[in-house]
Structure formats: C-alpha cells, structure tokens
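Undergrad: Contents are PDB, C-alpha atoms; file name target38.pdb:
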```pdb
ATOM      1  CA  MET A   1     168.259  52.258 150.490
ATOM      2  CA  LEU A   2     166.690  49.058 151.733
ATOM      3  CA  THR A   3     165.348  50.716 154.880
ATOM      4  CA  LEU A   4     163.786  53.512 152.812
ATOM      5  CA  SER A   5     162.018  50.942 150.642
ATOM      6  CA  ILE A   6     160.789  49.027 153.680
ATOM      7  CA  ILE A   7     159.491  52.203 155.352
ATOM      8  CA  SER A   8     157.750  53.311 152.145
ATOM      9  CA  LEU A   9     156.140  49.893 151.690
ATOM     10  CA  LEU A  10     155.052  49.799 155.339
ATOM     11  CA  THR A  11     153.544  53.305 155.080
ATOM     12  CA  LEU A  12     151.677  52.407 151.896
ATOM     13  CA  THR A  13     150.373  49.196 153.467
ATOM     14  CA  ILE A  14     149.145  50.954 156.603
ATOM     15  CA  ALA A  15     147.440  53.669 154.522
ATOM     16  CA  LEU A  16     145.678  51.068 152.373
ATOM     17  CA  ILE A  17     144.526  49.134 155.448
ATOM     18  CA  VAL A  18     143.132  52.291 157.064
ATOM     19  CA  MET A  19     141.307  53.291 153.859
ATOM     20  CA  PHE A  20     139.870  49.783 153.491
ATOM     21  CA  LEU A  21     138.669  49.717 157.102
ATOM     22  CA  ALA A  22     137.160  53.193 156.785
ATOM     23  CA  SER A  23     135.198  52.182 153.689
ATOM     24  CA  ILE A  24     133.900  49.038 155.400
ATOM     25  CA  LEU A  25     132.989  50.692 158.702
ATOM     26  CA  SER A  26     131.455  53.869 157.284
ATOM     27  CA  LYS A  27     127.801  54.528 158.040
ATOM     28  CA  LYS A  28     126.938  55.578 154.505
ATOM     29  CA  THR A  29     125.156  52.497 153.303
ATOM     30  CA  ILE A  30     122.143  54.171 151.720
ATOM     31  CA  LEU A  31     122.938  55.810 148.406
ATOM     32  CA  ASP A  32     121.217  59.176 148.184
ATOM     33  CA  ARG A  33     120.513  60.467 144.690
ATOM     34  CA  GLU A  34     121.021  64.091 145.700
ATOM     35  CA  LYS A  35     124.313  63.417 147.473
ATOM     36  CA  ASN A  36     125.687  61.465 144.505
ATOM     37  CA  SER A  37     124.754  64.248 142.110
ATOM     38  CA  PRO A  38     127.651  66.386 140.856
ATOM     39  CA  TYR A  39     125.590  69.573 141.293
ATOM     40  CA  GLU A  40     124.533  70.977 144.640
ATOM     41  CA  CYS A  41     122.928  74.211 143.510
ATOM     42  CA  GLY A  42     119.284  73.579 144.242
ATOM     43  CA  PHE A  43     117.951  72.066 141.039
ATOM     44  CA  ASP A  44     117.897  68.604 139.493
ATOM     45  CA  PRO A  45     120.587  68.243 136.788
ATOM     46  CA  LYS A  46     118.686  65.439 135.074
ATOM     47  CA  SER A  47     115.549  67.498 134.495
ATOM     48  CA  SER A  48     114.868  70.017 131.768
ATOM     49  CA  ALA A  49     117.334  72.881 131.447
ATOM     50  CA  ARG A  50     114.513  75.291 130.602
ATOM     51  CA  LEU A  51     113.124  75.471 134.139
ATOM     52  CA  PRO A  52     113.161  78.949 135.691
ATOM     53  CA  PHE A  53     116.200  79.664 137.838
ATOM     54  CA  SER A  54     115.830  81.401 141.182
ATOM     55  CA  LEU A  55     117.270  84.901 140.932
ATOM     56  CA  ARG A  56     117.480  85.066 144.743
ATOM     57  CA  PHE A  57     119.870  82.110 144.778
ATOM     58  CA  PHE A  58     122.074  83.827 142.201
ATOM     59  CA  LEU A  59     122.112  87.137 144.121
ATOM     60  CA  ILE A  60     123.027  85.464 147.404
ATOM     61  CA  ALA A  61     125.853  83.593 145.646
ATOM     62  CA  VAL A  62     127.211  86.792 144.094
ATOM     63  CA  ILE A  63     127.042  88.669 147.406
ATOM     64  CA  PHE A  64     128.841  85.794 149.114
ATOM     65  CA  LEU A  65     131.604  85.861 146.494
ATOM     66  CA  ILE A  66     132.038  89.626 146.794
ATOM     67  CA  PHE A  67     132.369  89.542 150.564
ATOM     68  CA  ASP A  68     134.574  86.449 150.410
ATOM     69  CA  VAL A  69     137.032  88.231 148.109
ATOM     70  CA  GLU A  70     136.992  91.268 150.370
ATOM     71  CA  ILE A  71     137.902  89.090 153.355
ATOM     72  CA  THR A  72     140.972  87.918 151.472
ATOM     73  CA  LEU A  73     141.846  91.569 150.945
ATOM     74  CA  LEU A  74     141.469  92.229 154.676
ATOM     75  CA  LEU A  75     143.824  89.456 155.824
ATOM     76  CA  PRO A  76     147.116  91.065 154.705
ATOM     77  CA  ILE A  77     146.239  94.291 156.490
ATOM     78  CA  ALA A  78     147.157  92.769 159.855
ATOM     79  CA  SER A  79     150.513  91.501 158.621
ATOM     80  CA  ILE A  80     151.697  94.871 157.252
ATOM     81  CA  LEU A  81     151.094  96.755 160.501
ATOM     82  CA  THR A  82     154.763  96.625 161.486
ATOM     83  CA  LEU A  83     155.962  97.646 158.021
ATOM     84  CA  THR A  84     153.936 100.822 157.542
ATOM     85  CA  ASN A  85     153.068 104.040 159.279
ATOM     86  CA  THR A  86     150.435 103.379 161.930
ATOM     87  CA  PHE A  87     148.288 106.373 160.959
ATOM     88  CA  SER A  88     148.173 105.487 157.259
ATOM     89  CA  TRP A  89     147.528 101.831 158.125
ATOM     90  CA  LEU A  90     144.653 102.798 160.423
ATOM     91  CA  LEU A  91     143.181 105.249 157.915
ATOM     92  CA  THR A  92     143.317 102.732 155.071
ATOM     93  CA  SER A  93     141.849  99.940 157.192
ATOM     94  CA  ILE A  94     138.997 102.053 158.510
ATOM     95  CA  LEU A  95     138.195 103.401 155.034
ATOM     96  CA  PHE A  96     138.117  99.881 153.605
ATOM     97  CA  LEU A  97     135.871  98.636 156.419
ATOM     98  CA  ILE A  98     133.531 101.619 156.000
ATOM     99  CA  ILE A  99     133.178 100.840 152.291
ATOM    100  CA  LEU A 100     132.403  97.212 153.162
ATOM    101  CA  LEU A 101     129.821  98.189 155.755
ATOM    102  CA  LEU A 102     128.171 100.678 153.400
ATOM    103  CA  GLY A 103     127.902  97.953 150.750
ATOM    104  CA  LEU A 104     126.403  95.566 153.278
ATOM    105  CA  TYR A 105     123.940  98.218 154.460
ATOM    106  CA  TYR A 106     122.933  98.955 150.847
ATOM    107  CA  GLU A 107     122.313  95.260 150.135
ATOM    108  CA  TRP A 108     120.332  94.971 153.349
ATOM    109  CA  LYS A 109     118.152  97.990 152.529
ATOM    110  CA  GLN A 110     117.535  96.733 148.997
ATOM    111  CA  GLY A 111     116.265  93.432 150.458
ATOM    112  CA  ALA A 112     118.830  91.226 148.771
ATOM    113  CA  LEU A 113     119.688  89.484 152.039
ATOM    114  CA  GLU A 114     116.121  88.406 152.794
ATOM    115  CA  TRP A 115     115.239  85.021 151.365
ATOM    116  CA  SER A 116     111.441  85.123 151.756
TER
END
```
For this file, produce the structure as structure tokens.

TA:
Amino acid sequence: MLTLSIISLLTLTIALIVMFLASILSKKTILDREKNSPYECGFDPKSSARLPFSLRFFLIAVIFLIFDVEITLLLPIASILTLTNTFSWLLTSILFLIILLLGLYYEWKQGALEWS
C-alpha cells in the first residue's frame, strides 16, 4: 500500500511539473481576442445579434454534417465483410456509395459547394 501511494504521488508530481513547465515555456504570450472567444463561427459574439448571418456558412456546415454522418455509416461496412454474403455486401456498399455520390453531384450542380 505504501508503494502504491509513493508511485501515485510521484506520478502526480511529475505531471504537475510538466504542466508548469509547458505553461512557462509556451510561445503564446500575446492574448488574441478572437482565439479567447468561445465562438469560432465567423462573427463577433460581443456585437449585435441582429446582424445578417451568412447563409453560405450555414449550408457548408450542414453539408459537412451530412457527409460526416455518412462516413460513420460507411465504417462498419468493412468490418461486416466476413460475416455476410459477399454479393449482398458488395451490392449494399455500392448502392450506398452511389447515393452519396449522387448527393454530392447534386450539391455541386446547385452551387452549394462554391464559396464565392
């Protein structure tokens, strides 16, 4: 029990020393107002809330979320290859990817991916 306490105390001490040295030696000496702000979405949180919001920014964020969720749906496909029939696995995977590519093509043709 004594050795466990000594090891825990030694680990805590080393961690505190490393954190203290990192805070002293870090290069961030200039405080940036934008970096210290809790919001990083392109507008100033301390200004008026009635300013117009960029619809392009919102559309890009929504498209990113949709494709991000679809990537999480694609990841398990590789792990179930050994558990299922190869033909049904291939058919399902290709159909899912075709739907994704058609959605991407539609967004591209509508101009939602162009920022200018």

Undergrad: Using Å and a single decimal, report how far CA of Phe64 in chain A sits from CA of Tyr105 in chain A.

TA: 14.4 Å

Undergrad: How far is it from CA of Glu107 in chain A to CA of Arg56 in chain A, in Å with one decimal?

TA: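 Taking CA of Glu107 in chain A as the start and CA of Arg56 in chain A as the end point, the length is 12.5 Å.
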
Undergrad: Smallest atom-to-atom distance to Ile63 in chain A: which of A:Ile7, A:Leu81, A:Met1, A:Leu113, using all atoms listed in the file?

TA: A:Leu113

Undergrad: Apply the PyMOL selection byres ((chain A and resi 100) around 12) to the displayed file and report the matching residues as an MDAnalysis selection string.

TA: chainID A and resid 63 66:71 73:74 93:99 101:107

Undergrad: My list of candidates is A:Thr82, A:Leu16, A:Ile24, A:Ala112. Which is closest to Leu55 in chain A when distances are computed with only C-alpha atoms?

TA: A:Ala112

Undergrad: Using CA of Glu114 in chain A and CA of Leu65 in chain A as the two end points, give the distance in Å to one decimal.

TA: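 These two atoms are separated by 16.9 Å.
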